[in-house]
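Structure file final-v2.csv (CSV, C-alpha atoms and all ligand atoms) is printed below.
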```
chain,number,residue,atom,x,y,z
A,80,MET,CA,40.4,151.4,74.7
A,81,GLU,CA,42.4,151.6,71.4
A,82,ARG,CA,45.2,149.0,71.5
A,83,PRO,CA,48.7,149.9,70.4
A,84,ARG,CA,49.2,148.3,67.0
A,85,TYR,CA,51.4,145.4,68.1
A,86,SER,CA,50.6,145.1,71.7
A,87,ARG,CA,50.2,141.5,72.6
A,88,VAL,CA,48.7,139.5,75.4
A,89,ASP,CA,51.3,137.0,76.4
A,90,GLY,CA,52.8,135.1,79.2
A,91,CYS,CA,50.6,134.6,82.2
A,92,LEU,CA,47.9,136.9,80.9
A,93,ARG,CA,47.7,134.9,77.7
A,94,THR,CA,47.2,131.7,79.8
A,95,VAL,CA,44.5,133.4,81.9
A,96,SER,CA,42.8,134.9,78.8
A,97,SER,CA,42.7,131.6,76.9
A,98,GLN,CA,41.4,129.8,79.9
A,99,LEU,CA,38.7,132.4,80.3
A,100,GLU,CA,37.8,132.1,76.6
A,101,ASN,CA,37.4,128.3,77.0
A,102,ILE,CA,35.2,128.8,80.0
A,103,MET,CA,33.2,131.4,78.1
A,104,GLU,CA,32.6,128.9,75.2
A,105,MET,CA,31.4,126.3,77.8
A,106,VAL,CA,29.1,128.8,79.5
A,107,LYS,CA,27.7,130.0,76.1
A,108,LEU,CA,26.2,126.6,75.5
A,109,LYS,CA,24.1,126.8,78.7
A,110,THR,CA,21.0,128.8,79.0
A,111,GLY,CA,20.3,131.1,81.9
A,112,CYS,CA,24.0,131.9,82.4
A,113,GLU,CA,23.9,135.4,80.8
A,114,ASP,CA,25.0,137.1,84.1
A,115,VAL,CA,28.0,134.7,84.3
A,116,GLN,CA,28.8,135.4,80.7
A,117,LYS,CA,28.8,139.1,81.3
A,118,LYS,CA,31.1,138.8,84.3
A,119,LEU,CA,33.4,136.5,82.3
A,120,GLN,CA,33.5,139.0,79.4
A,121,GLU,CA,34.4,141.8,81.8
A,122,THR,CA,37.2,139.7,83.3
A,123,LEU,CA,38.5,138.7,79.9
A,124,ASP,CA,38.5,142.4,78.7
A,125,LEU,CA,40.5,143.4,81.8
A,126,ALA,CA,43.0,140.6,81.3
A,127,THR,CA,43.6,141.5,77.7
A,128,THR,CA,43.7,145.3,78.1
A,129,ILE,CA,45.9,145.7,81.2
A,130,GLU,CA,49.2,145.5,79.3
A,131,PRO,CA,48.2,147.6,76.3
A,132,TYR,CA,46.8,150.2,78.7
A,133,CYS,CA,50.1,150.4,80.6
A,134,VAL,CA,52.0,150.7,77.4
A,135,THR,CA,49.9,153.7,76.3
A,136,LYS,CA,50.1,155.3,79.7
A,137,SER,CA,53.9,155.1,79.9
A,138,THR,CA,56.4,157.3,78.1
A,139,HIS,CA,56.1,156.3,74.5
A,140,LEU,CA,58.8,154.5,72.6
A,141,SER,CA,60.5,156.4,69.8
A,142,PRO,CA,59.3,156.1,66.2
A,143,PHE,CA,62.7,154.4,65.5
A,144,LEU,CA,61.9,151.6,68.0
A,145,SER,CA,58.4,151.3,66.5
A,146,SER,CA,59.9,150.8,63.1
A,147,ILE,CA,62.1,148.0,64.5
A,148,LEU,CA,59.0,146.4,66.0
A,149,GLU,CA,57.1,146.6,62.7
A,150,HIS,CA,60.0,145.2,60.7
A,151,THR,CA,60.5,142.3,63.2
A,152,VAL,CA,56.9,141.2,63.5
A,153,ALA,CA,56.6,141.1,59.7
A,154,MET,CA,59.4,138.4,59.6
A,155,ASP,CA,58.4,134.9,58.8
A,156,PHE,CA,61.0,132.5,60.4
A,157,LYS,CA,59.8,129.5,58.4
A,158,GLN,CA,60.2,131.3,55.1
A,159,LEU,CA,63.6,132.8,56.1
A,160,TYR,CA,64.9,129.4,57.2
A,161,GLN,CA,63.7,127.7,54.0
A,162,ALA,CA,65.4,130.4,51.9
A,163,GLY,CA,68.6,129.7,53.8
A,164,LYS,CA,68.7,133.1,55.4
A,165,LEU,CA,68.3,131.9,59.0
A,166,GLU,CA,70.8,129.5,60.3
A,167,HIS,CA,68.6,128.3,63.1
A,168,ASN,CA,65.2,126.6,62.7
A,169,PHE,CA,63.3,128.2,65.6
A,170,LYS,CA,60.7,125.7,66.9
A,171,HIS,CA,58.3,125.4,69.7
A,172,GLY,CA,55.9,127.8,68.1
A,173,ASP,CA,58.5,130.5,68.2
A,174,SER,CA,57.6,133.4,66.0
A,175,SER,CA,59.1,136.9,65.6
A,176,GLN,CA,56.1,138.2,67.5
A,177,SER,CA,56.5,135.8,70.4
A,178,MET,CA,60.3,136.3,70.6
A,179,ILE,CA,60.5,140.1,70.6
A,180,SER,CA,60.6,141.8,74.0
A,181,PHE,CA,57.3,143.3,75.2
A,182,SER,CA,56.9,147.0,74.5
A,183,GLY,CA,56.3,147.6,78.2
A,184,GLN,CA,59.5,145.7,79.0
A,185,VAL,CA,61.5,148.0,76.8
A,186,GLN,CA,59.8,151.0,78.4
A,187,PHE,CA,60.7,149.6,81.8
A,188,LEU,CA,64.3,148.9,80.7
A,189,GLN,CA,64.6,152.5,79.4
A,190,PHE,CA,63.3,153.8,82.8
A,191,LEU,CA,65.9,151.7,84.7
A,192,VAL,CA,68.8,152.6,82.4
A,193,ARG,CA,68.0,156.3,82.6
A,194,LYS,CA,67.5,156.1,86.4
A,195,ILE,CA,70.9,154.5,87.2
A,196,LYS,CA,72.6,156.4,84.4
A,197,ALA,CA,73.9,153.1,83.0
A,198,LYS,CA,76.9,153.3,80.7
A,199,ASN,CA,78.0,149.7,80.1
A,200,ILE,CA,75.0,147.5,79.1
A,201,LEU,CA,75.0,143.8,78.2
A,202,GLU,CA,72.2,142.0,76.6
A,203,ILE,CA,72.1,138.2,76.5
A,204,GLY,CA,69.8,137.3,73.6
A,205,THR,CA,69.5,140.4,71.4
A,206,PHE,CA,67.3,139.2,68.5
A,207,MET,CA,66.5,142.2,66.3
A,208,GLY,CA,67.6,144.8,68.8
A,209,TYR,CA,64.3,146.1,70.1
A,210,ALA,CA,65.5,146.2,73.7
A,211,ALA,CA,69.2,146.9,72.7
A,212,PHE,CA,68.3,150.1,70.7
A,213,GLY,CA,65.8,151.0,73.4
A,214,MET,CA,68.4,150.8,76.2
A,215,ALA,CA,70.9,152.6,73.9
A,216,GLU,CA,68.5,155.6,73.6
A,217,ALA,CA,68.4,155.8,77.4
A,218,MET,CA,72.0,155.2,78.3
A,219,ALA,CA,74.4,157.8,79.7
A,220,PRO,CA,76.5,159.7,77.2
A,221,GLY,CA,79.5,157.7,76.0
A,222,GLY,CA,77.8,154.4,76.9
A,223,SER,CA,77.6,151.2,74.9
A,224,VAL,CA,75.4,148.2,74.5
A,225,THR,CA,77.0,144.8,74.0
A,226,GLY,CA,74.7,142.1,72.7
A,227,ILE,CA,75.0,138.4,72.3
A,228,ASP,CA,73.0,136.3,69.8
A,229,ILE,CA,73.5,132.9,68.2
A,230,GLU,CA,71.8,133.8,65.0
A,231,PRO,CA,74.0,135.6,62.4
A,232,LEU,CA,71.0,137.2,60.6
A,233,PHE,CA,69.9,139.0,63.8
A,234,CYS,CA,73.5,140.1,64.7
A,235,ASP,CA,74.1,141.5,61.2
A,236,PHE,CA,70.8,143.3,61.2
A,237,VAL,CA,71.5,145.1,64.5
A,238,ASN,CA,75.2,145.7,63.8
A,239,GLU,CA,74.5,147.2,60.4
A,240,LEU,CA,71.6,149.4,61.7
A,241,ALA,CA,73.8,150.6,64.6
A,242,VAL,CA,76.6,151.6,62.2
A,243,GLN,CA,74.1,153.3,59.9
A,244,LYS,CA,72.5,155.3,62.8
A,245,ASP,CA,75.8,155.8,64.6
A,246,ILE,CA,74.6,154.1,67.8
A,247,ASN,CA,77.1,152.4,70.1
A,248,ILE,CA,75.8,148.8,69.9
A,249,GLU,CA,77.8,145.7,69.0
A,250,VAL,CA,76.3,142.3,68.9
A,251,MET,CA,78.6,139.3,69.2
A,252,ASN,CA,77.6,136.2,67.4
A,253,GLY,CA,77.8,132.8,69.1
A,254,ASP,CA,76.5,130.7,72.0
A,255,ALA,CA,75.8,132.9,75.0
A,256,LEU,CA,77.7,130.8,77.5
A,257,GLN,CA,80.8,130.8,75.4
A,258,ILE,CA,80.7,134.6,74.6
A,259,LEU,CA,80.0,135.4,78.3
A,260,LYS,CA,83.1,133.5,79.2
A,261,GLN,CA,85.1,135.5,76.7
A,262,LEU,CA,83.6,138.8,77.9
A,263,ALA,CA,84.4,137.8,81.5
A,264,GLU,CA,88.1,137.9,80.6
A,265,ALA,CA,87.8,141.5,79.4
A,266,ASP,CA,87.2,142.7,83.0
A,267,ILE,CA,84.4,145.1,82.2
A,268,LYS,CA,81.7,145.9,84.8
A,269,TYR,CA,78.2,146.2,83.4
A,270,ASP,CA,75.6,148.6,84.9
A,271,VAL,CA,72.7,146.7,83.4
A,272,ILE,CA,72.7,143.1,82.2
A,273,TYR,CA,69.5,142.1,80.5
A,274,ILE,CA,69.1,138.3,80.3
A,275,ASP,CA,66.6,137.2,77.6
A,276,CYS,CA,68.0,134.0,76.2
A,277,VAL,CA,67.8,130.2,76.8
A,278,LYS,CA,65.6,129.8,79.9
A,279,ARG,CA,67.4,126.6,81.0
A,280,ASP,CA,70.7,128.5,81.1
A,281,TYR,CA,69.7,131.5,83.2
A,282,TYR,CA,71.5,130.1,86.3
A,283,GLU,CA,74.6,129.4,84.2
A,284,TYR,CA,74.6,133.0,82.9
A,285,TYR,CA,74.2,134.2,86.4
A,286,LYS,CA,77.0,132.1,87.8
A,287,ILE,CA,79.5,133.4,85.1
A,288,ILE,CA,78.4,137.0,85.8
A,289,MET,CA,78.8,136.7,89.5
A,290,SER,CA,81.9,134.6,89.7
A,291,ASN,CA,83.7,137.0,87.4
A,292,GLU,CA,82.3,140.1,89.1
A,293,MET,CA,80.8,141.4,85.8
A,294,LEU,CA,78.1,143.4,87.5
A,295,SER,CA,79.0,146.9,88.7
A,296,SER,CA,78.4,147.5,92.4
A,297,ASP,CA,75.2,149.5,91.8
A,298,GLY,CA,74.3,147.5,88.7
A,299,LEU,CA,71.2,145.5,87.9
A,300,ILE,CA,70.5,142.2,86.3
A,301,VAL,CA,67.1,142.1,84.6
A,302,CYS,CA,65.8,138.6,83.7
A,303,ASP,CA,63.0,138.3,81.2
A,304,ARG,CA,60.0,135.9,81.4
A,305,VAL,CA,60.9,134.1,84.6
A,306,ILE,CA,57.3,133.0,85.1
A,307,LEU,CA,57.0,131.7,81.6
A,308,GLY,CA,53.2,131.7,81.2
A,309,GLY,CA,52.9,130.0,84.6
A,310,ALA,CA,55.2,127.1,83.8
A,311,SER,CA,57.6,128.1,86.7
A,312,ILE,CA,54.7,128.2,89.2
A,313,SER,CA,53.4,124.8,88.2
A,314,ARG,CA,56.9,123.4,87.4
A,315,LYS,CA,55.1,121.8,84.5
A,316,ASN,CA,58.0,121.5,82.0
A,317,HIS,CA,61.8,121.5,81.9
A,318,ASP,CA,62.1,125.3,81.4
A,319,GLY,CA,59.6,126.0,84.1
A,320,VAL,CA,61.5,123.8,86.6
A,321,ALA,CA,64.8,125.4,85.6
A,322,LEU,CA,63.4,128.9,86.1
A,323,ASP,CA,61.8,128.1,89.5
A,324,ASN,CA,65.1,126.5,90.6
A,325,PHE,CA,66.9,129.7,89.4
A,326,SER,CA,64.7,132.0,91.6
A,327,ASN,CA,65.1,129.7,94.6
A,328,ARG,CA,68.9,129.5,94.3
A,329,LEU,CA,69.1,133.3,94.2
A,330,LEU,CA,67.1,133.4,97.5
A,331,ASN,CA,69.9,131.4,99.1
A,332,ASP,CA,72.7,133.5,97.6
A,333,GLN,CA,73.8,136.1,100.2
A,334,ARG,CA,75.6,138.2,97.6
A,335,VAL,CA,72.4,139.5,96.1
A,336,THR,CA,68.8,140.7,96.7
A,337,THR,CA,66.0,140.0,94.2
A,338,VAL,CA,62.5,141.0,93.4
A,339,LEU,CA,60.3,139.1,91.0
A,340,LEU,CA,57.7,141.4,89.4
A,341,PRO,CA,54.5,139.9,88.1
A,342,CYS,CA,54.6,141.8,84.9
A,343,PHE,CA,55.8,141.0,81.3
A,344,ASP,CA,55.6,137.3,82.2
A,345,GLY,CA,57.8,137.7,85.3
A,346,THR,CA,60.7,140.1,85.3
A,347,LEU,CA,63.3,139.3,87.9
A,348,LEU,CA,65.6,142.0,89.2
A,349,ILE,CA,68.8,141.2,90.9
A,350,GLN,CA,71.2,143.6,92.6
A,351,ASN,CA,74.3,143.3,94.8
A,352,ARG,CA,73.4,143.2,98.5
A,353,SER,CA,76.2,145.5,99.7
B,401,LIG,C1,63.6,136.2,73.3
B,401,LIG,S1,64.7,136.5,72.1
B,401,LIG,C2,65.5,138.0,72.6
B,401,LIG,C3,64.6,139.2,72.4
B,401,LIG,C4,65.3,140.5,72.5
B,401,LIG,N1,65.9,140.7,73.8
B,401,LIG,C5,64.4,141.7,72.1
B,401,LIG,O1,64.6,142.8,72.7
B,401,LIG,O2,63.5,141.6,71.3
B,401,LIG,C6,66.0,135.3,72.4
B,401,LIG,C7,67.2,135.4,71.5
B,401,LIG,O3,68.2,134.5,72.0
B,401,LIG,C8,68.9,134.0,70.9
B,401,LIG,N2,69.5,132.7,71.3
B,401,LIG,C9,68.9,131.5,71.4
B,401,LIG,N3,69.7,130.5,71.9
B,401,LIG,C10,70.9,131.2,72.1
B,401,LIG,C11,72.2,130.8,72.5
B,401,LIG,N4,72.4,129.5,72.9
B,401,LIG,N5,73.2,131.7,72.6
B,401,LIG,C12,72.9,133.0,72.2
B,401,LIG,N6,71.7,133.4,71.8
B,401,LIG,C13,70.7,132.5,71.7
B,401,LIG,C14,67.8,133.8,69.8
B,401,LIG,O4,68.5,133.8,68.5
B,401,LIG,C15,66.9,135.0,70.0
B,401,LIG,O5,67.3,136.1,69.2
```
The structure given in the file should be rewritten as structure tokens.
Ligand SMILES: C[S@@+](CC[C@H](N)C(=O)[O-])C[C@H]1O[C@@H](n2cnc3c(N)ncnc32)[C@H](O)[C@@H]1O
Amino acid sequence: MERPRYSRVDGCLRTVSSQLENIMEMVKLKTGCEDVQKKLQETLDLATTIEPYCVTKSTHLSPFLSSILEHTVAMDFKQLYQAGKLEHNFKHGDSSQSMISFSGQVQFLQFLVRKIKAKNILEIGTFMGYAAFGMAEAMAPGGSVTGIDIEPLFCDFVNELAVQKDINIEVMNGDALQILKQLAEADIKYDVIYIDCVKRDYYEYYKIIMSNEMLSSDGLIVCDRVILGGASISRKNHDGVALDNFSNRLLNDQRVTTVLLPCFDGTLLIQNRS
């Protein structure tokens, strides 16, 4: 199968694929294991093609969104930081390719936004606007997307592009917890809230949203990468523990129902129970 140009194997599937690759290397050194090698290769092929396959078999994203993706993956954070253009020095192996939303996730968001005829949309962690512009394309007439991001370069890029294209998106610059508190005072109800920001703060974002009734009665909160490459299941690091605790806390919260989908590294959907 031909892969979409920037499709990536990430999250849990990347963990599975790299472990399979390691086993493959070990098996290659042994003679008489050709049948095991063949089976391993088939499994590896499956793990690395499921997501690209789904992207190609779902309604395709617009050429405009593809151009944002191309522009974003070409960015070199290290170079931009050294040139003084980025305020934040993104670490932990963060790259523009690893930070941008999965294409399949944007297709999924567009599907949801269209289905519930969302008008007021909030995105916590906007980056270069791949999901924000994607949701804006699918929102109901007269709708708007409010984004939040800590990095001025990303906010400027999205805000300028939105003005240029006459698309109703505004990204607010600052720390998500502070901006969310400000937005809470504006008394707006959001139909879709996409959380794609600091993993350790997911529960804090959720608490602000719920205690200020920021979600419309039929609205949805969509949380990205809640499985975090398996770290939440194994609780192997701080972010994994925080995300696992987050899902557990929601189970005990009678105001909402949730579903954690095993795609795109774990997409958690939250809706009001009533
Ligand atoms: C995974 S990226 C978001 C990807 C984006 N949703 C997309 O569609 O491509 C996370 C974003 O959160 C931003 N961020 C990190 N820490 C933040 C904070 N404390 N407050 C607000 N934004 C933050 C980063 O600058 C980055 O752009």
Exercise for review: Around ligand LIG 401 (chain B), at most 6 Å away and counting all atoms listed in the file, which residues are there? Put them as a ChimeraX atom specification, please.
Suggested key: /A:178-180,204-210,227-230,253-255,275-277
Just to be explicit: take each residue in the selection above, keep C-alpha atoms, and write the result as a compact mmCIF listing (two decimals), keeping the file's coordinate frame.
```txt
# COMPACT_ATOMS: atom_id res chain seq x y z
CA MET A 178 60.30 136.30 70.60
CA ILE A 179 60.50 140.10 70.60
CA SER A 180 60.60 141.80 74.00
CA GLY A 204 69.80 137.30 73.60
CA THR A 205 69.50 140.40 71.40
CA PHE A 206 67.30 139.20 68.50
CA MET A 207 66.50 142.20 66.30
CA GLY A 208 67.60 144.80 68.80
CA TYR A 209 64.30 146.10 70.10
CA ALA A 210 65.50 146.20 73.70
CA ILE A 227 75.00 138.40 72.30
CA ASP A 228 73.00 136.30 69.80
CA ILE A 229 73.50 132.90 68.20
CA GLU A 230 71.80 133.80 65.00
CA GLY A 253 77.80 132.80 69.10
CA ASP A 254 76.50 130.70 72.00
CA ALA A 255 75.80 132.90 75.00
CA ASP A 275 66.60 137.20 77.60
CA CYS A 276 68.00 134.00 76.20
CA VAL A 277 67.80 130.20 76.80
```
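The list of residues with at least one atom within 12 Å of A:Gln176, based on only C-alpha atoms and without residues fewer than 5 positions apart in the same chain, reads Tyr85, Ser86, Arg87, Val88, Asp89, Ile147, Leu148, Glu149, His150, Thr151, Val152, Ala153, Met154, Asp155, Phe156, Phe181, Ser182, Phe206, Met207 and Tyr209 of chain A.
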Point to revise | Exercise: A:Val106 partners within 8 Å, only C-alpha atoms, chain neighbours under 3 positions left out, as a VMD selection string | key: chain A and resid 102 to 103 109 112 115 to 116
Study note, to complete from the structure: Correct to one decimal, the distance atom CA of A:Thr128-atom CA of A:Gln98 is 15.8 Å
Which neighbours of stretch 332-335 of chain A fall inside 6 Å, counting only C-alpha atoms, when residues of the same chain fewer than 4 positions from it are skipped, and could you give them as an mmCIF file with C-alpha atoms, in the frame of the given file?
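Result saved to around-v4.cif:
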```cif
data_model
loop_
_atom_site.group_PDB
_atom_site.id
_atom_site.type_symbol
_atom_site.label_atom_id
_atom_site.label_comp_id
_atom_site.auth_asym_id
_atom_site.auth_seq_id
_atom_site.Cartn_x
_atom_site.Cartn_y
_atom_site.Cartn_z
ATOM 1 C CA GLN A 350 71.200 143.600 92.600
ATOM 2 C CA ASN A 351 74.300 143.300 94.800
ATOM 3 C CA ARG A 352 73.400 143.200 98.500
#
```
Selection: 9 Å around A:Ile267, only C-alpha atoms, excl. self and same-chain fewer than 5 positions, as a JSON list (two decimals) with C-alpha atoms, in the coordinates of the input:
```json
[["chain", "number", "residue", "atom", "x", "y", "z"],
["A", 199, "ASN", "CA", 78.00, 149.70, 80.10],
["A", 262, "LEU", "CA", 83.60, 138.80, 77.90],
["A", 292, "GLU", "CA", 82.30, 140.10, 89.10],
["A", 293, "MET", "CA", 80.80, 141.40, 85.80],
["A", 294, "LEU", "CA", 78.10, 143.40, 87.50],
["A", 295, "SER", "CA", 79.00, 146.90, 88.70]]
```
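Among the candidates A:Leu232, A:Gln186, A:Tyr132, A:Ile258, the residue lying nearest to A:Tyr160 is A:Leu232 (atoms considered: all atoms listed in the file).
In this model, the gap between atom CA of A:Asn316 and atom CA of A:Leu330 comes to 21.6 Å.
Residues lying within 10 Å of A:Cys302, counting all atoms listed in the file and ignoring same-chain neighbours fewer than 2 positions away, are Ile203, Ile272, Tyr273, Ile274, Asp275, Cys276, Lys278, Tyr281, Tyr285, Leu299, Ile300, Arg304, Val305, Leu339, Gly345, Thr346, Leu347, Leu348 and Ile349 of chain A.
We find atom CA of A:Leu201 and atom CA of A:Phe143 to be spaced 20.6 Å apart.
Distances from A:Val320, A:Leu119, A:Val134, A:Leu188 to A:Glu104 were compared using all atoms listed in the file, and the smallest one belongs to A:Leu119.
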Study note, to complete from the structure: Using all atoms listed in the file, the best pick from A:Asp235, A:Asp266, A:Glu283, A:Asp303 as closest to A:Leu165 would be A:Asp235
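Nearest residue to A:Gly298, choosing from A:Cys133, A:Ala162, A:Leu240, A:Val271 and counting all atoms listed in the file: A:Val271.
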Using all atoms of stretch 138-153 of chain A that appear in the file, construct an axis-aligned enclosing box with 8 Å of padding on every side and provide its centre coordinates and edge lengths in Å, rounded to one decimal, as lines of an AutoDock Vina configuration file.
```
center_x = 59.4
center_y = 149.2
center_z = 68.9
size_x = 22.6
size_y = 32.2
size_z = 34.4
```
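Across A:Ala197, A:Met251, A:Asp297, A:Ser174, the tightest approach to A:Leu159 is made by A:Ser174 when counting only C-alpha atoms.
Across A:Ser311, A:Ser96, A:Ser296, A:Thr336, the tightest approach to A:Gln120 is made by A:Ser96 when counting all atoms listed in the file.
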Practice item. Would you be able to write out as a PyMOL selection string which residues have an atom within 6 Å of (54.8, 155.1, 81.6) in the file's coordinates, counting only C-alpha atoms? Key: chain A and resi 136-138
